[in-house]
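Some notes on the structure that comes next.
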Amino acid sequence: MMRIFLVLFTLAYIPVWGQYYPGSNWESKKPKEFKINETQLQKAVDFAKNNEYSGAVDLRQAIYKGFEREPYHEIKGPVKRRGGPAGLILKDGYIIAQWGDIDRVDMTFSVTKSYLSTMAGLAIDDGLIKNVRDKVQSYVWDGNFDTAHNSKITWHHLLTQSSDWSGDLFGMKDWNDRPPREGGIDDWKNRKLIEPGTNFEYNDVRVNLLSYSLLNVWRKPLPQVLKDRIMDPIGASTTWRWYGYDHSWVTIDGVKMQSVSGGGHSGGGVFISAADHARFGLLFLRNGKWNGKQLISENWVKMVQQSSEANDSYGYMWWLNKGERKWDNDLSQSIYYAAGFGGNFIVVDKAHELVVVTRWLEPSKIGEMMGLVMNALD
């Protein structure tokens, strides 16, 4: 009888412990319950608190300073003053450390790209896009993909930032975004275009083109898709927002909709709390499943972690801990993460069942901080 009791207890216990999903009240556990060194973990927390992003609290100033090389750069979407350093560390879904105001809504800049990538994954799951290798022109035929060069571009190229799309979107020109240090405006405008898929170039105009193209596929606002399919099911708060630009409104099926931006480079993007970021990270740690329901396919979660042909360190709008961007320590190459201007990170470490979220950490310090987290596990 005792043996039967022990077996039943074990079977009932493992799913709760190993697959915990937070409700409205997120449970915390002491690091020692996972045999994690609390003193060492506190060093990682203190490091995050003591290495605050050095840019201005007024993010309008930080944006203009950070992108001052770009001619004609303007802020065209909402901007919000930032808070101080904040973040969480999750182990097996439980909070084992937190600092700062984890419920404060802040801009998150290019972490937005990983949310945008998720909209593409859902479109693939639903069959709205048949294959990431399909040409975008087959789905979006309004002229943005009509030239000889642009007609070659696939969803895969847009997701890996290797399209070298050339054009003007909402009055923003591709060559104006993060131009090379060499040459001038005429050189950038008249450059030789590079074969899609062969060269990685971080470019928000092209990311916004992906957002606009997905809007044409979904035929409803992307924030609505994100809310209904992802954020509500994972129990996110109602405080997050996803903005575009003042002039990025389009009409689809007779309805006026905003094409949202993939970052805060010119304002806009996802505004969200660290706690909601952590839920999103936990969804990916759990291979797209939440409380027994597959919200996004496991196949897509695997796809975002594959190195692209043009950049070993970049998948489908998630950064990978490999290639030239690998952090300078012995951290697992299976780690992948969302990253945004100002030290905004969502780090997913499947090998250790960890999610680490940071807000306003000096960006160059994330590898060192993760090294301190790993030290606590030894």
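The chains in the structure tokens are called A, B, ... from first to last as shown; in each chain the residues are counted from 1, and the ligands are counted from 1 in the order shown.
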Report as JSON, numbers by chain all protein, DNA and RNA residues lying within 12 Å of Gln161 in chain A, evaluated on only C-alpha atoms, omitting residues in the same chain fewer than 3 positions from it. {"A": [113, 117, 153, 154, 155, 156, 157, 158, 164, 165, 196, 197, 198, 199, 200, 201, 202, 203, 204, 205, 206, 207, 208, 209, 210, 308, 309, 310, 311, 313, 314, 315, 316, 317, 318, 319]}
Export, as a short mmCIF file (atom, residue, chain, number, x, y, z; two decimals), in the first residue's frame, the selected residues with C-alpha atoms.
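Full text of out-v7.cif as output:
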```
data_model
loop_
_atom_site.label_atom_id
_atom_site.label_comp_id
_atom_site.auth_asym_id
_atom_site.auth_seq_id
_atom_site.Cartn_x
_atom_site.Cartn_y
_atom_site.Cartn_z
CA LYS A 113 10.91 42.03 -33.26
CA SER A 117 8.29 37.05 -35.49
CA ILE A 153 12.30 38.45 -51.47
CA THR A 154 10.75 35.69 -49.36
CA TRP A 155 9.31 35.69 -45.84
CA HIS A 156 12.51 33.93 -44.78
CA HIS A 157 14.58 36.87 -46.04
CA LEU A 158 12.48 39.40 -44.12
CA ASP A 164 18.18 44.12 -48.87
CA TRP A 165 14.73 45.38 -49.83
CA PRO A 196 18.46 38.42 -50.95
CA GLY A 197 19.54 35.91 -48.32
CA THR A 198 23.27 36.55 -48.63
CA ASN A 199 23.87 39.59 -46.41
CA PHE A 200 22.57 40.43 -42.93
CA GLU A 201 21.68 44.07 -42.33
CA TYR A 202 19.80 45.30 -39.29
CA ASN A 203 17.23 47.67 -40.72
CA ASP A 204 13.99 48.84 -39.10
CA VAL A 205 12.37 50.00 -42.34
CA ARG A 206 12.54 46.44 -43.65
CA VAL A 207 11.31 45.08 -40.32
CA ASN A 208 8.35 47.45 -40.58
CA LEU A 209 7.80 46.10 -44.09
CA LEU A 210 7.46 42.63 -42.56
CA SER A 308 20.33 32.05 -40.79
CA GLU A 309 22.56 31.74 -43.84
CA ALA A 310 23.63 35.38 -43.59
CA ASN A 311 24.33 35.45 -39.82
CA SER A 313 24.05 34.69 -34.54
CA TYR A 314 20.55 35.44 -35.83
CA GLY A 315 17.46 33.31 -36.32
CA TYR A 316 13.90 34.46 -36.99
CA MET A 317 14.22 37.76 -35.10
CA TRP A 318 15.74 36.09 -32.05
CA TRP A 319 19.48 36.38 -31.35
#
```
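Taking range 87-249 of chain A and asking which residues DSSP calls strand (DSSP E or B) on the backbone, you get Gly87, Leu88, Ile89, Leu90, Lys91, Tyr94, Ile95, Ile96, Ala97, Gln98, Trp99, Asp106, Met107, Lys135, Thr154, Asp168, Leu169, Met172, Lys173, Arg241, Trp242, Tyr243, Gly244, Tyr245, Asp246, His247, Ser248 and Trp249 of chain A.
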Take the residues from that selection and write them out as a short mmCIF file (atom, residue, chain, number, x, y, z; two decimals), in the first residue's frame, keeping N, CA and C atoms.
```cif
data_model
loop_
_atom_site.label_atom_id
_atom_site.label_comp_id
_atom_site.auth_asym_id
_atom_site.auth_seq_id
_atom_site.Cartn_x
_atom_site.Cartn_y
_atom_site.Cartn_z
N GLY A 87 13.96 43.58 -13.47
CA GLY A 87 14.04 42.28 -14.13
C GLY A 87 13.62 41.13 -13.24
N LEU A 88 13.60 39.95 -13.83
CA LEU A 88 13.25 38.72 -13.13
C LEU A 88 14.14 37.59 -13.61
N ILE A 89 14.31 36.61 -12.74
CA ILE A 89 14.93 35.34 -13.13
C ILE A 89 13.95 34.24 -12.76
N LEU A 90 13.60 33.41 -13.75
CA LEU A 90 12.68 32.30 -13.54
C LEU A 90 13.44 30.99 -13.59
N LYS A 91 13.09 30.08 -12.71
CA LYS A 91 13.57 28.71 -12.75
C LYS A 91 12.36 27.78 -12.73
N TYR A 94 9.04 29.40 -11.88
CA TYR A 94 8.92 30.14 -10.62
C TYR A 94 9.88 31.32 -10.60
N ILE A 95 9.49 32.39 -9.95
CA ILE A 95 10.38 33.53 -9.76
C ILE A 95 11.36 33.19 -8.64
N ILE A 96 12.65 33.21 -8.96
CA ILE A 96 13.66 32.97 -7.92
C ILE A 96 14.44 34.25 -7.60
N ALA A 97 14.26 35.29 -8.41
CA ALA A 97 14.88 36.59 -8.13
C ALA A 97 14.16 37.66 -8.93
N GLN A 98 14.08 38.85 -8.36
CA GLN A 98 13.52 39.99 -9.09
C GLN A 98 14.09 41.26 -8.49
N TRP A 99 14.08 42.33 -9.31
CA TRP A 99 14.59 43.62 -8.85
C TRP A 99 13.87 44.73 -9.61
N ASP A 106 7.26 49.94 -19.93
CA ASP A 106 8.33 50.71 -20.56
C ASP A 106 8.43 50.35 -22.04
N MET A 107 9.07 51.22 -22.80
CA MET A 107 9.42 50.88 -24.17
C MET A 107 10.36 49.68 -24.15
N LYS A 135 7.68 33.57 -51.89
CA LYS A 135 7.93 34.98 -52.17
C LYS A 135 6.79 35.83 -51.61
N THR A 154 11.64 36.65 -50.01
CA THR A 154 10.75 35.69 -49.36
C THR A 154 10.50 36.12 -47.91
N ASP A 168 10.63 52.72 -50.19
CA ASP A 168 10.14 53.75 -49.28
C ASP A 168 8.86 53.23 -48.65
N LEU A 169 8.81 53.19 -47.32
CA LEU A 169 7.63 52.71 -46.61
C LEU A 169 7.19 53.77 -45.61
N MET A 172 9.57 56.52 -45.10
CA MET A 172 10.88 56.16 -44.57
C MET A 172 11.63 55.34 -45.61
N LYS A 173 12.83 55.76 -45.93
CA LYS A 173 13.62 55.12 -46.98
C LYS A 173 14.58 54.10 -46.39
N ARG A 241 1.04 47.59 -24.70
CA ARG A 241 0.53 48.21 -25.93
C ARG A 241 1.53 47.94 -27.06
N TRP A 242 1.01 47.99 -28.29
CA TRP A 242 1.89 47.87 -29.46
C TRP A 242 1.50 48.97 -30.43
N TYR A 243 2.44 49.91 -30.66
CA TYR A 243 2.16 51.10 -31.45
C TYR A 243 2.91 51.09 -32.79
N GLY A 244 2.33 51.80 -33.72
CA GLY A 244 3.02 52.13 -34.97
C GLY A 244 3.36 53.60 -34.99
N TYR A 245 3.29 54.20 -36.18
CA TYR A 245 3.62 55.62 -36.33
C TYR A 245 2.34 56.43 -36.60
N ASP A 246 2.45 57.71 -36.41
CA ASP A 246 1.30 58.58 -36.63
C ASP A 246 0.74 58.46 -38.05
N HIS A 247 1.63 58.11 -39.00
CA HIS A 247 1.22 58.09 -40.41
C HIS A 247 1.23 56.67 -40.99
N SER A 248 1.30 55.64 -40.14
CA SER A 248 1.38 54.27 -40.67
C SER A 248 0.03 53.57 -40.66
N TRP A 249 -1.02 54.33 -40.98
CA TRP A 249 -2.36 53.77 -41.07
C TRP A 249 -2.67 53.36 -42.51
#
```
Considering only C-alpha atoms, give me a table of residues in range 2-116 of chain A that are at most 8 Å from range 345-365 of chain A, with the closest atom pair and distance in Å for each, as CSV.
```
residue,atom,partner,partner_atom,distance
A:Ala48,CA,A:Leu361,CA,6.0
A:Lys49,CA,A:Leu361,CA,7.7
A:Asn51,CA,A:Glu362,CA,5.8
A:Glu52,CA,A:Leu361,CA,4.8
A:Tyr53,CA,A:Glu362,CA,4.0
A:Ser54,CA,A:Glu362,CA,6.6
A:Gly83,CA,A:Trp360,CA,8.0
A:Gly84,CA,A:Trp360,CA,6.5
A:Pro85,CA,A:Trp360,CA,5.0
A:Ala86,CA,A:Arg359,CA,5.1
A:Gly87,CA,A:Thr358,CA,4.4
A:Leu88,CA,A:Val357,CA,5.3
A:Ile89,CA,A:Val356,CA,4.6
A:Leu90,CA,A:Val355,CA,5.0
A:Lys91,CA,A:Leu354,CA,4.8
A:Asp92,CA,A:Glu353,CA,5.4
A:Gly93,CA,A:Leu354,CA,7.7
A:Val111,CA,A:Phe345,CA,6.9
```
Output file for the residues above (N, CA and C atoms, as a PDB file, in the first residue's frame):
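Here's the written file part_36.pdb:
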```
ATOM      1  N   ALA A  48      23.085  43.598 -12.170  1.00  0.00           N
ATOM      2  CA  ALA A  48      22.082  44.214 -13.046  1.00  0.00           C
ATOM      3  C   ALA A  48      21.645  45.574 -12.502  1.00  0.00           C
ATOM      4  N   LYS A  49      21.509  45.685 -11.204  1.00  0.00           N
ATOM      5  CA  LYS A  49      21.084  46.944 -10.588  1.00  0.00           C
ATOM      6  C   LYS A  49      22.170  48.013 -10.669  1.00  0.00           C
ATOM      7  N   ASN A  51      24.608  48.259 -12.971  1.00  0.00           N
ATOM      8  CA  ASN A  51      25.103  48.541 -14.322  1.00  0.00           C
ATOM      9  C   ASN A  51      23.951  49.020 -15.202  1.00  0.00           C
ATOM     10  N   GLU A  52      23.362  50.107 -14.789  1.00  0.00           N
ATOM     11  CA  GLU A  52      22.231  50.681 -15.497  1.00  0.00           C
ATOM     12  C   GLU A  52      22.667  51.255 -16.840  1.00  0.00           C
ATOM     13  N   TYR A  53      21.806  51.118 -17.821  1.00  0.00           N
ATOM     14  CA  TYR A  53      22.024  51.725 -19.136  1.00  0.00           C
ATOM     15  C   TYR A  53      22.368  53.201 -18.973  1.00  0.00           C
ATOM     16  N   SER A  54      23.402  53.640 -19.661  1.00  0.00           N
ATOM     17  CA  SER A  54      23.945  54.987 -19.450  1.00  0.00           C
ATOM     18  C   SER A  54      23.218  56.072 -20.236  1.00  0.00           C
ATOM     19  N   GLY A  83      11.959  53.805 -16.905  1.00  0.00           N
ATOM     20  CA  GLY A  83      12.177  53.607 -15.481  1.00  0.00           C
ATOM     21  C   GLY A  83      13.619  53.214 -15.223  1.00  0.00           C
ATOM     22  N   GLY A  84      13.866  52.679 -14.047  1.00  0.00           N
ATOM     23  CA  GLY A  84      15.198  52.220 -13.684  1.00  0.00           C
ATOM     24  C   GLY A  84      15.380  50.744 -13.961  1.00  0.00           C
ATOM     25  N   PRO A  85      16.541  50.193 -13.608  1.00  0.00           N
ATOM     26  CA  PRO A  85      16.801  48.775 -13.830  1.00  0.00           C
ATOM     27  C   PRO A  85      15.735  47.904 -13.175  1.00  0.00           C
ATOM     28  N   ALA A  86      15.316  46.889 -13.875  1.00  0.00           N
ATOM     29  CA  ALA A  86      14.301  45.959 -13.357  1.00  0.00           C
ATOM     30  C   ALA A  86      14.480  44.625 -14.063  1.00  0.00           C
ATOM     31  N   GLY A  87      13.965  43.577 -13.467  1.00  0.00           N
ATOM     32  CA  GLY A  87      14.042  42.283 -14.129  1.00  0.00           C
ATOM     33  C   GLY A  87      13.617  41.134 -13.241  1.00  0.00           C
ATOM     34  N   LEU A  88      13.603  39.955 -13.834  1.00  0.00           N
ATOM     35  CA  LEU A  88      13.246  38.716 -13.130  1.00  0.00           C
ATOM     36  C   LEU A  88      14.145  37.591 -13.612  1.00  0.00           C
ATOM     37  N   ILE A  89      14.307  36.607 -12.743  1.00  0.00           N
ATOM     38  CA  ILE A  89      14.932  35.344 -13.125  1.00  0.00           C
ATOM     39  C   ILE A  89      13.951  34.240 -12.757  1.00  0.00           C
ATOM     40  N   LEU A  90      13.602  33.414 -13.750  1.00  0.00           N
ATOM     41  CA  LEU A  90      12.681  32.300 -13.539  1.00  0.00           C
ATOM     42  C   LEU A  90      13.439  30.988 -13.590  1.00  0.00           C
ATOM     43  N   LYS A  91      13.087  30.077 -12.707  1.00  0.00           N
ATOM     44  CA  LYS A  91      13.573  28.709 -12.755  1.00  0.00           C
ATOM     45  C   LYS A  91      12.364  27.784 -12.731  1.00  0.00           C
ATOM     46  N   ASP A  92      12.225  26.946 -13.761  1.00  0.00           N
ATOM     47  CA  ASP A  92      11.071  26.048 -13.883  1.00  0.00           C
ATOM     48  C   ASP A  92       9.753  26.810 -13.786  1.00  0.00           C
ATOM     49  N   GLY A  93       9.754  28.078 -14.211  1.00  0.00           N
ATOM     50  CA  GLY A  93       8.546  28.889 -14.202  1.00  0.00           C
ATOM     51  C   GLY A  93       8.351  29.721 -12.953  1.00  0.00           C
ATOM     52  N   VAL A 111      13.154  44.323 -28.849  1.00  0.00           N
ATOM     53  CA  VAL A 111      12.528  43.099 -28.340  1.00  0.00           C
ATOM     54  C   VAL A 111      11.197  42.887 -29.068  1.00  0.00           C
TER      55      VAL A 111
END
```
Which residues in range 117-243 of chain A does DSSP call alpha helix (DSSP H)? List them as a VMD selection string. chain A and resid 117 to 125 155 to 159 185 to 189 204 to 218 222 to 226
May I have the residues from that selection written out with N, CA and C atoms, as an mmCIF file, in the first residue's frame?
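Output file again-v6.cif follows:
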```cif
data_model
loop_
_atom_site.group_PDB
_atom_site.id
_atom_site.type_symbol
_atom_site.label_atom_id
_atom_site.label_comp_id
_atom_site.auth_asym_id
_atom_site.auth_seq_id
_atom_site.Cartn_x
_atom_site.Cartn_y
_atom_site.Cartn_z
ATOM 1 N N SER A 117 7.972 38.377 -34.960
ATOM 2 C CA SER A 117 8.287 37.048 -35.486
ATOM 3 C C SER A 117 7.203 36.041 -35.113
ATOM 4 N N THR A 118 6.667 36.177 -33.909
ATOM 5 C CA THR A 118 5.617 35.274 -33.446
ATOM 6 C C THR A 118 4.358 35.411 -34.294
ATOM 7 N N MET A 119 4.080 36.620 -34.772
ATOM 8 C CA MET A 119 2.932 36.816 -35.664
ATOM 9 C C MET A 119 3.133 36.053 -36.977
ATOM 10 N N ALA A 120 4.372 36.000 -37.445
ATOM 11 C CA ALA A 120 4.670 35.215 -38.645
ATOM 12 C C ALA A 120 4.511 33.730 -38.359
ATOM 13 N N GLY A 121 4.976 33.293 -37.181
ATOM 14 C CA GLY A 121 4.842 31.885 -36.823
ATOM 15 C C GLY A 121 3.398 31.438 -36.752
ATOM 16 N N LEU A 122 2.542 32.277 -36.180
ATOM 17 C CA LEU A 122 1.114 31.947 -36.110
ATOM 18 C C LEU A 122 0.494 31.891 -37.505
ATOM 19 N N ALA A 123 0.944 32.780 -38.398
ATOM 20 C CA ALA A 123 0.440 32.763 -39.774
ATOM 21 C C ALA A 123 0.835 31.473 -40.488
ATOM 22 N N ILE A 124 2.045 30.990 -40.204
ATOM 23 C CA ILE A 124 2.480 29.702 -40.761
ATOM 24 C C ILE A 124 1.635 28.575 -40.162
ATOM 25 N N ASP A 125 1.456 28.602 -38.842
ATOM 26 C CA ASP A 125 0.672 27.558 -38.170
ATOM 27 C C ASP A 125 -0.744 27.478 -38.734
ATOM 28 N N TRP A 155 9.545 35.454 -47.273
ATOM 29 C CA TRP A 155 9.308 35.692 -45.845
ATOM 30 C C TRP A 155 10.561 35.359 -45.041
ATOM 31 N N HIS A 156 11.266 34.322 -45.441
ATOM 32 C CA HIS A 156 12.512 33.929 -44.779
ATOM 33 C C HIS A 156 13.521 35.077 -44.815
ATOM 34 N N HIS A 157 13.633 35.755 -45.938
ATOM 35 C CA HIS A 157 14.579 36.870 -46.043
ATOM 36 C C HIS A 157 14.199 38.013 -45.106
ATOM 37 N N LEU A 158 12.913 38.325 -45.013
ATOM 38 C CA LEU A 158 12.478 39.401 -44.119
ATOM 39 C C LEU A 158 12.699 39.018 -42.660
ATOM 40 N N LEU A 159 12.423 37.775 -42.314
ATOM 41 C CA LEU A 159 12.571 37.324 -40.930
ATOM 42 C C LEU A 159 14.021 37.251 -40.484
ATOM 43 N N ILE A 185 24.916 60.396 -48.892
ATOM 44 C CA ILE A 185 23.537 60.081 -49.252
ATOM 45 C C ILE A 185 23.422 59.526 -50.677
ATOM 46 N N ASP A 186 24.119 60.135 -51.624
ATOM 47 C CA ASP A 186 24.031 59.653 -53.016
ATOM 48 C C ASP A 186 24.571 58.241 -53.143
ATOM 49 N N ASP A 187 25.631 57.944 -52.383
ATOM 50 C CA ASP A 187 26.197 56.587 -52.410
ATOM 51 C C ASP A 187 25.199 55.575 -51.855
ATOM 52 N N TRP A 188 24.533 55.946 -50.778
ATOM 53 C CA TRP A 188 23.588 55.020 -50.146
ATOM 54 C C TRP A 188 22.362 54.815 -51.031
ATOM 55 N N LYS A 189 21.889 55.892 -51.642
ATOM 56 C CA LYS A 189 20.707 55.789 -52.495
ATOM 57 C C LYS A 189 20.966 54.953 -53.741
ATOM 58 N N ASP A 204 15.358 48.763 -39.609
ATOM 59 C CA ASP A 204 13.994 48.838 -39.097
ATOM 60 C C ASP A 204 12.954 49.113 -40.181
ATOM 61 N N VAL A 205 13.335 49.770 -41.264
ATOM 62 C CA VAL A 205 12.374 50.001 -42.343
ATOM 63 C C VAL A 205 11.941 48.656 -42.923
ATOM 64 N N ARG A 206 12.871 47.760 -43.108
ATOM 65 C CA ARG A 206 12.544 46.441 -43.654
ATOM 66 C C ARG A 206 11.786 45.590 -42.640
ATOM 67 N N VAL A 207 12.088 45.769 -41.357
ATOM 68 C CA VAL A 207 11.308 45.081 -40.316
ATOM 69 C C VAL A 207 9.864 45.584 -40.340
ATOM 70 N N ASN A 208 9.696 46.894 -40.495
ATOM 71 C CA ASN A 208 8.352 47.449 -40.582
ATOM 72 C C ASN A 208 7.627 46.972 -41.835
ATOM 73 N N LEU A 209 8.398 46.687 -42.884
ATOM 74 C CA LEU A 209 7.805 46.105 -44.089
ATOM 75 C C LEU A 209 7.261 44.711 -43.788
ATOM 76 N N LEU A 210 7.974 43.936 -42.979
ATOM 77 C CA LEU A 210 7.464 42.626 -42.558
ATOM 78 C C LEU A 210 6.157 42.791 -41.793
ATOM 79 N N SER A 211 6.119 43.750 -40.870
ATOM 80 C CA SER A 211 4.893 44.007 -40.113
ATOM 81 C C SER A 211 3.736 44.378 -41.037
ATOM 82 N N TYR A 212 4.003 45.267 -41.984
ATOM 83 C CA TYR A 212 2.979 45.685 -42.943
ATOM 84 C C TYR A 212 2.517 44.489 -43.792
ATOM 85 N N SER A 213 3.462 43.648 -44.198
ATOM 86 C CA SER A 213 3.117 42.486 -45.024
ATOM 87 C C SER A 213 2.268 41.487 -44.235
ATOM 88 N N LEU A 214 2.618 41.286 -42.956
ATOM 89 C CA LEU A 214 1.827 40.383 -42.117
ATOM 90 C C LEU A 214 0.433 40.953 -41.860
ATOM 91 N N LEU A 215 0.330 42.262 -41.750
ATOM 92 C CA LEU A 215 -0.988 42.889 -41.607
ATOM 93 C C LEU A 215 -1.853 42.579 -42.824
ATOM 94 N N ASN A 216 -1.256 42.597 -43.997
ATOM 95 C CA ASN A 216 -1.990 42.275 -45.221
ATOM 96 C C ASN A 216 -2.426 40.808 -45.256
ATOM 97 N N VAL A 217 -1.650 39.949 -44.617
ATOM 98 C CA VAL A 217 -2.001 38.530 -44.572
ATOM 99 C C VAL A 217 -3.085 38.264 -43.524
ATOM 100 N N TRP A 218 -2.896 38.816 -42.329
ATOM 101 C CA TRP A 218 -3.868 38.602 -41.251
ATOM 102 C C TRP A 218 -5.173 39.356 -41.501
ATOM 103 N N LEU A 222 -2.277 43.514 -35.916
ATOM 104 C CA LEU A 222 -1.396 42.544 -35.270
ATOM 105 C C LEU A 222 -1.503 42.571 -33.743
ATOM 106 N N PRO A 223 -1.672 43.752 -33.101
ATOM 107 C CA PRO A 223 -1.847 43.721 -31.639
ATOM 108 C C PRO A 223 -3.064 42.898 -31.213
ATOM 109 N N GLN A 224 -4.093 42.892 -32.029
ATOM 110 C CA GLN A 224 -5.278 42.085 -31.720
ATOM 111 C C GLN A 224 -4.945 40.598 -31.802
ATOM 112 N N VAL A 225 -4.172 40.224 -32.829
ATOM 113 C CA VAL A 225 -3.757 38.825 -32.973
ATOM 114 C C VAL A 225 -2.903 38.416 -31.778
ATOM 115 N N LEU A 226 -1.942 39.270 -31.416
ATOM 116 C CA LEU A 226 -1.063 38.970 -30.286
ATOM 117 C C LEU A 226 -1.861 38.820 -29.000
#
```
Among listed residues A:Leu128, A:Ser163, A:Phe109, A:Lys30, nearest Phe341 in chain A (using only C-alpha atoms):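 Ranked by minimum distance to Phe341 in chain A, first place goes to A:Phe109.
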